[in-house]
Amino acid sequence: MISRVSITLALLAVCVTVAVSALGVSGESRDYCVIGAGPGGLQLAYYLQQKGRDYVVLEASERVGRFFVDYPRHRMLISINKRFSGQSNSEYMMRHDWNSLLSDDASHLMRNYSTEYFPQTDSYLDYLEDYQTKFNINVRFNSRVDKLQRNDVTGMFQLRMENGSVIGCRTPVVAIGVSVPNHVDFPGVEYTTPYSDISVNPTDYDGKSVLILGFGNSAFETADAIYGHANSVRMLGRTRVKLAWNTHYVGDLRAVNNGMLDAYQLKSLDTVLEAPVQNMTIYKEDDKLYIDAWIPALDANRTHTHRGRDRDSFAYRQPFDNIITCLGFHFDSEIFDQSLRSGGCHGKYPLQRHSYESADIPGVFFAGGVTHMLDHKKSSGGFIHGFRYTARVLSRLLDYRNHGDVWPSKLLPFSQVLNTLFKRINEASGLYQMFGGYLGDVIAVRRGGNHGDELMYEYYEEFPLCLMQNFSQYTGHDVDEFFVFHFRFHENSSDPTKDLFTFDRVTDDLRDSHHVTFLHPVIQYFKQTWQDGVAGVDWPKFQKQPCLPRPDALHIITGDAYTLWDSYRGHHLLTRRFMENILGSELSNHFADECFKLSLENGDVPVTCSQQYLHGNGYQDFENSPTFEEINDGFCPEEMIDDAVAASAIDLIFRGTHTPDTFRVAMETSPLPQFVLFGLVWDVKSKLAAKHFTDAAQMLHDVPVGTMVINCYDFDLFCRDLGVEAFPVVKVFRAAVEEATYPGLFDTGALYRYIQSYAERPVMISEEMVPEVLAEMKETNVVIGLFEQDDEEGHVTFRRELGVIFQYVKSVYIAQGRAADLISRAVDAEVSSVLVQGPQQRHVINITDPALGHVVARAVLSQCLELTAENFPLYRSVHSKFLLVAGTKMSMCTSPPLEGVVIGHIAGALAADLPTIFAGNKLSYVDFEQGTYCKFDADGFNAIVSNIAQCENGTTRQDTMTMKPWQPSIRSYDYLAFIDEGRAANQFFTREDMAEFTKNGLPRNIAELSSGKYGSRESMSVPQSSAIRDEL
């Protein structure tokens, strides 16, 4: 009797046999099969290799980049190789390197293979070969795919090879480029020579009359190579010549190839005419070639042919010795088992979705130049400098689709958003190349409240914006409210019939940004994602895009001749105000003193105060510093740089004991701590931090440390490798290992004390020192780390967690081995712990406690202390209840501590600036958790305790006040609202101004506009043009 198990096993064996036979004799199966080892295939394979995917690259020929062995025929690439740009930012440099592929190795770049601006193809072939070898990309050569089809049994795809074998593949990616020469049938085509077969020896055309069919770069490349040798060169193309500098499309005729146009227009026998090639006839008489072509410009109705005597006045009536066809290339779809619909231009590309998946064969994807179907004539996706980024996008889409790896992102407090955004604006090459709304950065707003720590943003780089309506489906992230940033040209600036060199093509009037013709950043805001079918609907004409619907708000940053958007007023300020208006929260930076006062008097505070200052990372001004005058020109004490640009006097330069090169060596070899400030050259906060940091470094004198200021725009790879995302920040390294991040205020004194304490303390206790240390513990604040012998990891944790506290503690020690044993027995504490001895209490905590600093702070706070802008964030992070004492210290400061309450003395001058807190009283009890405070006067400890109890239970005779919400001051610029008004560019008013006009009517004249009736905003104070005067 046959068991059920036996039957099941037999059926399983049959299924396995069928599946294996379906895969071919070898039974080979891969997760990914990349067909083609050109630049597109290699770029995608690089990311598959980096992720450790199961893949193979199948290349029909014997080498990578086989297309470049034959093309271009005259061996010069027209993709630029700009070796110098005045910038050292590696990402920025890729904006002007159109040949290199992406990798983590900054040295493997085309500029190391050729010094020519337009390199030779042989150099590029060397580069591609080394790329494949260096990154160990798995290419199988001489492996031509004959057919690609889906297997109905296994659900996998089958790649039937030319040698008869079969490879099974879960995800095939076709990256064979657009490499098949176009062929047009017309009478006499057999007399022509195709571009692929022409002689590249120019002397072969000496004294010849040559006709070239086609107006692309291959046609003009050929003309440029021979027009100095031929009798004449005539050209025919089906459409007008489109110049790349006129259309911003690099596939149109490039200036490097258009010498023929110069010869034509300067009457040197060479001519260019338009004619539909498919309606041409070529015939031969007496070994000469003649053409009959309908030239619409000369014969609109085609009333006659141009044979025999009809050639009398025909423009191309003279005979030719050679006729060359340069008609471009198309995609080879022969490998597919079913026919593909074609998209793009004249059937040049297979139809595909914006996820680079075939529209006809689900599961098949495309990479490289063939993906240009999605942005043909609109962006750069058909060229190496464009599709290297779309290949990376495809790798990320496949990561989530096939492996569940979500799209990479970073989550940061919103106080950092302008730094992140402008760093990308000034360096991102992927968006710069894939302009026009095809790739964009997405900034998702993560709200947990109106202000404070809850307002965060999640940043996603280089997402295909045509997939935004299904963002979570492709990334694994949910997004609702978000900003989108991308680059674009004005749509009227890409017209081959227009002169773009007009005087109004540039402007420094920020109100005219939406008319800028050159490439510029665009930021759009959407309250939520949209449904399918909405994209492209209801857009102002000038701003139509391929996939995005009309945004809820729009900001356009004016174009810049340097393509560096680092101007505070012209670029950063208006962008900040645009975001503030949307978020309903002020993003301007406030000094520590102002944040201190706002924190005491308000229930919530500006984002930059809550996310920076209250976390100990605020910024002190230089009011009490002898160097204050250096930066005080127009500086506002309450707000760090709004309309003024005072910090322009500070340069973020490399100062300290190291240069960037010597610092790398010191990090790896020196046992001394190395302190590094990471900042951005245009960021006001970074400039202020650099000034404080370098001043503190100069005070260190003989303290054994290294210091360095790093501009993370210039040294972007260095900062990336160290994981620096927020700016400015000070990190501590020892032997190339990051030990700590400075958590304190950017203030010269605070930084000096921190660096000095970190370098000189803790002190190692010898066995002989133990009695002395035990005696000291009875008198003052002492912190001791008790460790096993040679516990270096414990030492690092100790410094990292307690470094900022060292400056508030008189003595900090490390005891290990025998000394640690003696102290642990004396105070009943275990080794591998931290002992905190304060004047009122003792704490013994485990060394792995992540909140060591807070524990130390509790011990230090067991006394009445002076509360300042510098130390308030530390204490506020530990406690929520404060008893604030105004003016002269009172006797209660020496009384027993209040349980769970910080007693803070506030100097008289500062107390006078806090009328809401004190209002003539000496004491104020503040509960930050409840958002309440009450004011009272009392003498003696017991009376104070009684008043606090009444405040907490609401029975006090004095009013218990709820903290007032902080009210932001927001001035907005919204170009979309402006455009909707239909106003001319030089008549721009803000939305706020328009509200005033609605309320009070349009002003009748300039005097009335400036009278104060409509407020005193900058945009209304001084009209900028006669057009406004005329209207008013």
# chains A, B, ... in the order shown; residues from 1 in each chain; ligands from 1

$ select_by_dssp --residues "stretch 713-824 of chain A" --states "strand (DSSP E or B)" --output "count of residues only"
26

$ residues_around --residues "A:Pro119" --least-positions-apart "2" --cutoff "8 Å" --atoms "only C-alpha atoms" --output "short mmCIF file (atom, residue, chain, number, x, y, z; two decimals) with N, CA, C and O atoms, in the first residue's frame"
data_model
loop_
_atom_site.label_atom_id
_atom_site.label_comp_id
_atom_site.auth_asym_id
_atom_site.auth_seq_id
_atom_site.Cartn_x
_atom_site.Cartn_y
_atom_site.Cartn_z
N MET A 76 35.54 61.09 -30.43
CA MET A 76 35.49 62.10 -29.37
C MET A 76 34.10 62.10 -28.74
O MET A 76 33.09 62.24 -29.43
N LEU A 77 34.07 61.94 -27.43
CA LEU A 77 32.81 62.04 -26.70
C LEU A 77 32.39 63.50 -26.60
O LEU A 77 33.23 64.40 -26.62
N ILE A 78 31.10 63.75 -26.48
CA ILE A 78 30.63 65.12 -26.27
C ILE A 78 30.05 65.28 -24.87
O ILE A 78 29.34 66.24 -24.59
N SER A 79 30.37 64.34 -24.00
CA SER A 79 30.02 64.45 -22.58
C SER A 79 31.20 65.08 -21.86
O SER A 79 32.33 64.59 -21.97
N ILE A 80 30.95 66.13 -21.12
CA ILE A 80 32.04 66.96 -20.62
C ILE A 80 32.79 66.29 -19.47
O ILE A 80 32.23 65.51 -18.70
N ASN A 81 34.04 66.65 -19.37
CA ASN A 81 34.93 66.12 -18.34
C ASN A 81 35.63 67.32 -17.69
O ASN A 81 36.80 67.58 -17.90
N SER A 114 41.52 61.10 -18.23
CA SER A 114 41.69 62.00 -19.37
C SER A 114 41.71 63.44 -18.87
O SER A 114 40.96 63.80 -17.96
N THR A 115 42.57 64.25 -19.47
CA THR A 115 42.62 65.67 -19.14
C THR A 115 41.81 66.50 -20.14
O THR A 115 41.70 67.71 -19.98
N GLU A 116 41.24 65.84 -21.15
CA GLU A 116 40.51 66.55 -22.18
C GLU A 116 39.09 66.87 -21.72
O GLU A 116 38.43 66.06 -21.07
N TYR A 117 38.62 68.04 -22.09
CA TYR A 117 37.25 68.45 -21.75
C TYR A 117 36.24 67.51 -22.41
O TYR A 117 35.24 67.14 -21.81
N THR A 121 37.10 58.17 -26.73
CA THR A 121 36.39 56.97 -26.32
C THR A 121 37.33 55.89 -25.78
O THR A 121 36.94 55.10 -24.92
N SER A 123 39.85 56.29 -23.86
CA SER A 123 40.04 56.58 -22.43
C SER A 123 38.82 56.11 -21.64
O SER A 123 38.95 55.58 -20.53
N TYR A 124 37.66 56.31 -22.23
CA TYR A 124 36.44 55.91 -21.51
C TYR A 124 36.32 54.40 -21.42
O TYR A 124 35.86 53.85 -20.41
#

$ residues_around --residues "A:Leu677" --least-positions-apart "5" --cutoff "6 Å" --atoms "only C-alpha atoms" --output "VMD selection string"
chain A and resid 709 729 to 730

$ write_last_selection --atoms "N, CA and C atoms" --output "mmCIF file, in the first residue's frame"
data_model
loop_
_atom_site.group_PDB
_atom_site.id
_atom_site.type_symbol
_atom_site.label_atom_id
_atom_site.label_comp_id
_atom_site.auth_asym_id
_atom_site.auth_seq_id
_atom_site.Cartn_x
_atom_site.Cartn_y
_atom_site.Cartn_z
ATOM 1 N N VAL A 709 38.334 72.929 12.477
ATOM 2 C CA VAL A 709 37.042 73.359 11.948
ATOM 3 C C VAL A 709 36.920 72.806 10.535
ATOM 4 N N VAL A 729 28.123 71.079 14.806
ATOM 5 C CA VAL A 729 28.267 70.104 15.883
ATOM 6 C C VAL A 729 29.756 69.928 16.172
ATOM 7 N N VAL A 730 30.086 69.742 17.445
ATOM 8 C CA VAL A 730 31.460 69.461 17.847
ATOM 9 C C VAL A 730 31.527 68.009 18.294
#

$ atom_distance --atom1 "atom CA of A:Leu835" --atom2 "atom CA of A:Tyr808"
15.6 Å

$ residues_around --residues "stretch 289-292 of chain A" --least-positions-apart "2" --cutoff "12 Å" --atoms "only C-alpha atoms" --output "VMD selection string"
chain A and resid 186 to 192 208 to 213 234 236 275 to 287 294 to 295 302 304 to 308 310 to 311 314 to 324

$ closest_residue --among "A:Tyr713, A:Ala826, A:Asp478, A:Leu519" --to "A:Ala775" --atoms "only C-alpha atoms"
A:Ala826

$ residues_around --residues "A:Lys82" --least-positions-apart "5" --cutoff "12 Å" --atoms "only C-alpha atoms" --output "count of residues only"
20

$ closest_residue --among "A:Thr529, A:Thr608, A:Thr916, A:Gln620" --to "A:Thr868" --atoms "only C-alpha atoms"
A:Gln620

$ residues_around --residues "stretch 910-915 of chain A" --least-positions-apart "3" --cutoff "9 Å" --atoms "only C-alpha atoms" --output "PyMOL selection string"
chain A and resi 597+600-601+885-887+906-907+918-920

$ residues_around --residues "A:Asn257" --least-positions-apart "3" --cutoff "6 Å" --atoms "only C-alpha atoms" --output "list in words"
Phe220, Glu221 and Arg254 of chain A

$ atom_distance --atom1 "atom CA of A:Leu786" --atom2 "atom CA of A:His879"
26.9 Å

$ closest_residue --among "A:Glu454, A:Glu760, A:Asp54, A:Asp566" --to "A:Gln611" --atoms "only C-alpha atoms"
A:Glu454
